[in-house]
Amino acid sequence: MNLNMNENIMIKNLCKWDLYFNRINGTGDVKIPAKTSFRIDRGEVFAQVQSGNVMFSGTDGKGNHARIYIDDKETRVELGFEDDKENQGIITEEKIKTIFATKGKSSFEKAVKSLAVTYAEKAILIDYAKKSGLNEYDKIKFIEEYTGMKIE
Amino acid sequence: MSKYSIELNSIRKDDTDSPELKRLTRTSPIVEVFSSMISGKEIKTDKSTANKAVARIKDLAQRAEMFDYKAISELNTIRKYAVEPELMEEIKLFGIFGEYENLGYNESIEREVISTVGELSRIQAKGGDPVVAYNVSNKYAVTSEIISAGYAVDYRKIKYGDMSAENRLKENIIRDIRNKASRYIVEKVYDSIKNSSGIKIFSETAGITKSALDNALKFIRKFGIPNIFGDYSVVSQINDLVPYTTNLNSGYMNISQEAMEEIRKTGLLTAYNGSLVYAIQNAFDTSKLNSAGTGFDTIIPEGLLFVVPANITESPIKTWTRGGLDSLTGSDVSTGKMITRYDLEVAADVAKGLEYKIGLISDSNYPVN
């Protein structure tokens, strides 16, 4: 596949706070405010991922538990973040929703632990629990203990 | 790292208030002689006093070797008096985090946050009713942690007047306790910012970026001129923010001579945009590999850069030590050695509800837990 590196693509900050990184292909830095999208050229995204910026490449270098989501399927596939069968392993509201609907205690705990690994993801989880009005004592207790943050 | 344990049955606490040790004070000549001996300095007291003191130290060591707890206790106290001032000098540097207070043994650690409520002043018609403000104080207890450093003392060496091991161990106690105390404070601050649900000045950067730091400074400066501190790995990145260019296309970067000289000599800028830049001393924990397996973990998380207002009446961060150094002696079950440990009680707190006064930038190149 031959991708146009000058084409602008959308990237999305999944975190509750602002993210910054220095440009590699140019000068200056980039600020992506909390939970917003940002248009940036594809070449820069490739440069960031290949130089190991964990915000893009996640905990394993393959995009899992990333803080910035690249909203462009072709780029994600080209970078090896996903293929036809599997999507990139990032935290989304739908995923949290499904997990909160889980009945069993152990399966719930397992699912939470595999979904929220980084501090950023834990904060998103807490945020969603607050917003959605999670009202189950066991689950709240476990999430608070696991993340170290309080649902207030 | 070898672990040691003191058998509970054998613990002896050194009671500095016992009648035998009451005579021994911080200013006793024997303390001065001991201190000079371990640091390899010239003994400044007169010769006869020095000889007496050295003979006494050797005698104590000989008795200590035979498990005479009174002798051990006296030696520990002498050592404590020699170590404590140096350690407290280092601990005082915690002032960089905010307020620091040293409490006596019998005081409890409490944080008082005073907030002013009501209206302070207003523009109004002449002769109108005045508005008033009043203080509401909120007091809560802060829990403390004990930091202990211990080692097996070689009394045989002291018996013969060889203080080389003592010197090394003294340095170790100071460094170790200081490191652990700063880690405790940094972690405490990080946690409370992390867990606060209100407004917080927190951002993540891949490498410290100018806009992230400037944004944090802009906000925090309203509360007071900020100090910037963190590990050298993050603090030194501020160096890269000073060069400027007059022509974006040329690629030439300029830097002021003064800034360049500072970086050349110390590796750090002393100030950035009016804020003091300070690198917290941070050592490797050689018993732990980093997550990539390419180096060691550091004692304080490497990727955290703090922006904290200084010189204000009410700093959000406050640290305490209580009661100075405390020592204990016991025998280690597995090796049969005499172990001496030193304890320091520290506490740190971020004023509840004032977490927004601390700016925190986390460099994602150095993951934190």
# chains A, B, ... in the order shown; residues from 1 in each chain; ligands from 1
>>> residues_around(residues="Phe21 of chain A", least_positions_apart="2", cutoff="8 Å", atoms="only C-alpha atoms", output="number ranges by chain")
A: 19, 23, 29-31; B: 205-209
>>> write_last_selection(atoms="N, CA and C atoms", output="PDB file, in the first residue's frame")
ATOM      1  N   LEU A  19      -2.468  16.403  26.073  1.00  0.00           N
ATOM      2  CA  LEU A  19      -1.266  15.664  25.715  1.00  0.00           C
ATOM      3  C   LEU A  19      -0.405  16.543  24.808  1.00  0.00           C
ATOM      4  N   ARG A  23       7.266  17.763  17.653  1.00  0.00           N
ATOM      5  CA  ARG A  23       7.244  17.283  16.273  1.00  0.00           C
ATOM      6  C   ARG A  23       8.605  16.712  15.903  1.00  0.00           C
ATOM      7  N   ASP A  29       5.974  22.132  18.937  1.00  0.00           N
ATOM      8  CA  ASP A  29       5.311  21.003  19.574  1.00  0.00           C
ATOM      9  C   ASP A  29       3.817  21.017  19.292  1.00  0.00           C
ATOM     10  N   VAL A  30       3.203  19.898  19.618  1.00  0.00           N
ATOM     11  CA  VAL A  30       1.789  19.717  19.333  1.00  0.00           C
ATOM     12  C   VAL A  30       1.053  19.567  20.643  1.00  0.00           C
ATOM     13  N   LYS A  31      -0.040  20.277  20.773  1.00  0.00           N
ATOM     14  CA  LYS A  31      -0.881  20.093  21.954  1.00  0.00           C
ATOM     15  C   LYS A  31      -2.235  19.566  21.506  1.00  0.00           C
TER      16      LYS A  31
ATOM     17  N   THR B 205       3.301  14.465  28.447  1.00  0.00           N
ATOM     18  CA  THR B 205       4.047  14.878  27.282  1.00  0.00           C
ATOM     19  C   THR B 205       4.992  13.762  26.886  1.00  0.00           C
ATOM     20  N   ALA B 206       5.299  13.682  25.619  1.00  0.00           N
ATOM     21  CA  ALA B 206       6.343  12.769  25.174  1.00  0.00           C
ATOM     22  C   ALA B 206       7.598  13.619  25.074  1.00  0.00           C
ATOM     23  N   GLY B 207       8.377  13.656  26.111  1.00  0.00           N
ATOM     24  CA  GLY B 207       9.463  14.620  26.188  1.00  0.00           C
ATOM     25  C   GLY B 207       8.852  15.931  26.649  1.00  0.00           C
ATOM     26  N   ILE B 208       9.535  16.636  27.556  1.00  0.00           N
ATOM     27  CA  ILE B 208       8.950  17.873  28.074  1.00  0.00           C
ATOM     28  C   ILE B 208       8.847  18.891  26.939  1.00  0.00           C
ATOM     29  N   THR B 209       7.635  19.353  26.672  1.00  0.00           N
ATOM     30  CA  THR B 209       7.470  20.326  25.595  1.00  0.00           C
ATOM     31  C   THR B 209       7.301  21.719  26.188  1.00  0.00           C
TER      32      THR B 209
END
>>> interface_residues(of="chain B", to="chain A", cutoff="12 Å", atoms="only C-alpha atoms", output="JSON, numbers by chain")
{"B": [190, 191, 192, 193, 194, 195, 196, 197, 198, 199, 200, 201, 202, 203, 204, 205, 206, 207, 208, 209, 210, 211, 212, 213, 214, 215, 216, 237, 240, 241, 244, 245, 247, 248, 249, 250, 251, 253, 291, 292, 360, 361, 362, 363, 364, 365, 366, 367, 368, 369]}
>>> closest_atom_pairs(of="segment 1-119 of chain B", to="segment 129-146 of chain B", cutoff="9 Å", atoms="only C-alpha atoms", output="CSV")
residue,atom,partner,partner_atom,distance
B:Ser108,CA,B:Ala141,CA,7.8
B:Ile109,CA,B:Val142,CA,5.7
B:Glu110,CA,B:Ala141,CA,4.4
B:Arg111,CA,B:Tyr140,CA,5.5
B:Glu112,CA,B:Lys139,CA,4.4
B:Val113,CA,B:Asn138,CA,5.2
B:Ile114,CA,B:Ser137,CA,4.2
B:Ser115,CA,B:Val136,CA,5.4
B:Thr116,CA,B:Asn135,CA,4.5
B:Val117,CA,B:Tyr134,CA,5.6
B:Gly118,CA,B:Ala133,CA,4.5
B:Glu119,CA,B:Ala133,CA,5.3
>>> residues_around(residues="segment 167-170 of chain B", least_positions_apart="3", cutoff="9 Å", atoms="only C-alpha atoms", output="ChimeraX atom specification")
/B:37-40,79,82-83,151,153,163-164,173-175
>>> select_by_dssp(residues="segment 17-78 of chain A", states="strand (DSSP E or B)", output="ChimeraX atom specification")
/A:18-22,29-32,37-41,68-70
>>> write_last_selection(atoms="N, CA and C atoms", output="mmCIF file, in the first residue's frame")
data_model
loop_
_atom_site.group_PDB
_atom_site.id
_atom_site.type_symbol
_atom_site.label_atom_id
_atom_site.label_comp_id
_atom_site.auth_asym_id
_atom_site.auth_seq_id
_atom_site.Cartn_x
_atom_site.Cartn_y
_atom_site.Cartn_z
ATOM 1 N N ASP A 18 -4.630 17.157 28.829
ATOM 2 C CA ASP A 18 -3.968 17.531 27.580
ATOM 3 C C ASP A 18 -2.727 16.665 27.340
ATOM 4 N N LEU A 19 -2.468 16.403 26.073
ATOM 5 C CA LEU A 19 -1.266 15.664 25.715
ATOM 6 C C LEU A 19 -0.405 16.543 24.808
ATOM 7 N N TYR A 20 0.890 16.407 24.988
ATOM 8 C CA TYR A 20 1.812 17.203 24.181
ATOM 9 C C TYR A 20 2.896 16.290 23.622
ATOM 10 N N PHE A 21 3.368 16.600 22.426
ATOM 11 C CA PHE A 21 4.612 15.959 21.980
ATOM 12 C C PHE A 21 5.347 16.883 21.032
ATOM 13 N N ASN A 22 6.639 16.680 20.958
ATOM 14 C CA ASN A 22 7.447 17.485 20.036
ATOM 15 C C ASN A 22 7.349 16.905 18.646
ATOM 16 N N ASP A 29 5.974 22.132 18.937
ATOM 17 C CA ASP A 29 5.311 21.003 19.574
ATOM 18 C C ASP A 29 3.817 21.017 19.292
ATOM 19 N N VAL A 30 3.203 19.898 19.618
ATOM 20 C CA VAL A 30 1.789 19.717 19.333
ATOM 21 C C VAL A 30 1.053 19.567 20.643
ATOM 22 N N LYS A 31 -0.040 20.277 20.773
ATOM 23 C CA LYS A 31 -0.881 20.093 21.954
ATOM 24 C C LYS A 31 -2.235 19.566 21.506
ATOM 25 N N ILE A 32 -2.636 18.459 22.105
ATOM 26 C CA ILE A 32 -3.990 17.975 21.832
ATOM 27 C C ILE A 32 -4.768 18.106 23.128
ATOM 28 N N SER A 37 -10.039 15.941 19.012
ATOM 29 C CA SER A 37 -9.321 15.417 17.861
ATOM 30 C C SER A 37 -8.445 16.493 17.267
ATOM 31 N N PHE A 38 -7.482 16.063 16.492
ATOM 32 C CA PHE A 38 -6.481 16.980 15.966
ATOM 33 C C PHE A 38 -6.082 16.479 14.594
ATOM 34 N N ARG A 39 -5.945 17.397 13.652
ATOM 35 C CA ARG A 39 -5.530 16.968 12.313
ATOM 36 C C ARG A 39 -4.032 17.138 12.181
ATOM 37 N N ILE A 40 -3.403 16.115 11.682
ATOM 38 C CA ILE A 40 -1.946 16.155 11.575
ATOM 39 C C ILE A 40 -1.535 15.313 10.370
ATOM 40 N N ASP A 41 -0.387 15.644 9.781
ATOM 41 C CA ASP A 41 -0.005 14.895 8.585
ATOM 42 C C ASP A 41 0.435 13.480 8.937
ATOM 43 N N ILE A 68 -3.370 7.999 22.424
ATOM 44 C CA ILE A 68 -3.862 8.712 21.248
ATOM 45 C C ILE A 68 -4.335 7.684 20.227
ATOM 46 N N TYR A 69 -5.558 7.888 19.730
ATOM 47 C CA TYR A 69 -6.120 6.954 18.756
ATOM 48 C C TYR A 69 -5.997 7.568 17.368
ATOM 49 N N ILE A 70 -5.460 6.785 16.455
ATOM 50 C CA ILE A 70 -5.337 7.278 15.087
ATOM 51 C C ILE A 70 -6.625 6.934 14.354
#
>>> residues_around(residues="segment 83-96 of chain A", least_positions_apart="3", cutoff="8 Å", atoms="only C-alpha atoms", output="list in words")
Gly63, Asn64, His65, Ala66, Arg67, Tyr69, Val77, Gly80, Ile99, Phe100, Leu115, Ala116, Glu121, Leu125 and Tyr128 of chain A
>>> write_last_selection(atoms="N, CA and C atoms", output="short mmCIF file (atom, residue, chain, number, x, y, z; two decimals), in the first residue's frame")
data_model
loop_
_atom_site.label_atom_id
_atom_site.label_comp_id
_atom_site.auth_asym_id
_atom_site.auth_seq_id
_atom_site.Cartn_x
_atom_site.Cartn_y
_atom_site.Cartn_z
N GLY A 63 0.07 -0.57 19.76
CA GLY A 63 -1.14 0.24 19.85
C GLY A 63 -2.09 -0.12 20.97
N ASN A 64 -1.79 -1.21 21.70
CA ASN A 64 -2.68 -1.55 22.80
C ASN A 64 -2.46 -0.60 23.97
N HIS A 65 -3.53 -0.16 24.56
CA HIS A 65 -3.52 0.78 25.69
C HIS A 65 -2.85 2.11 25.31
N ALA A 66 -3.09 2.54 24.09
CA ALA A 66 -2.53 3.82 23.64
C ALA A 66 -3.35 4.97 24.20
N ARG A 67 -2.73 6.16 24.25
CA ARG A 67 -3.46 7.33 24.75
C ARG A 67 -4.02 8.15 23.58
N TYR A 69 -5.56 7.89 19.73
CA TYR A 69 -6.12 6.95 18.76
C TYR A 69 -6.00 7.57 17.37
N VAL A 77 -3.55 0.03 10.02
CA VAL A 77 -3.19 -1.27 9.45
C VAL A 77 -1.72 -1.25 9.03
N GLY A 80 0.62 -1.70 11.74
CA GLY A 80 0.55 -2.99 12.42
C GLY A 80 -0.24 -2.95 13.70
N ILE A 99 -18.52 -3.92 29.97
CA ILE A 99 -17.91 -4.48 31.18
C ILE A 99 -18.76 -4.19 32.40
N PHE A 100 -19.29 -2.98 32.47
CA PHE A 100 -20.14 -2.64 33.62
C PHE A 100 -21.41 -3.48 33.66
N LEU A 115 -8.68 -4.22 30.56
CA LEU A 115 -9.03 -3.02 29.80
C LEU A 115 -8.23 -1.81 30.27
N ALA A 116 -8.18 -1.59 31.58
CA ALA A 116 -7.54 -0.39 32.10
C ALA A 116 -6.20 -0.76 32.73
N GLU A 121 -5.98 5.25 31.41
CA GLU A 121 -7.17 4.41 31.22
C GLU A 121 -7.97 4.29 32.50
N LEU A 125 -11.84 5.28 33.08
CA LEU A 125 -12.78 4.32 33.67
C LEU A 125 -13.55 4.97 34.82
N TYR A 128 -16.00 7.53 33.58
CA TYR A 128 -17.22 6.97 32.99
C TYR A 128 -18.13 6.41 34.08
#
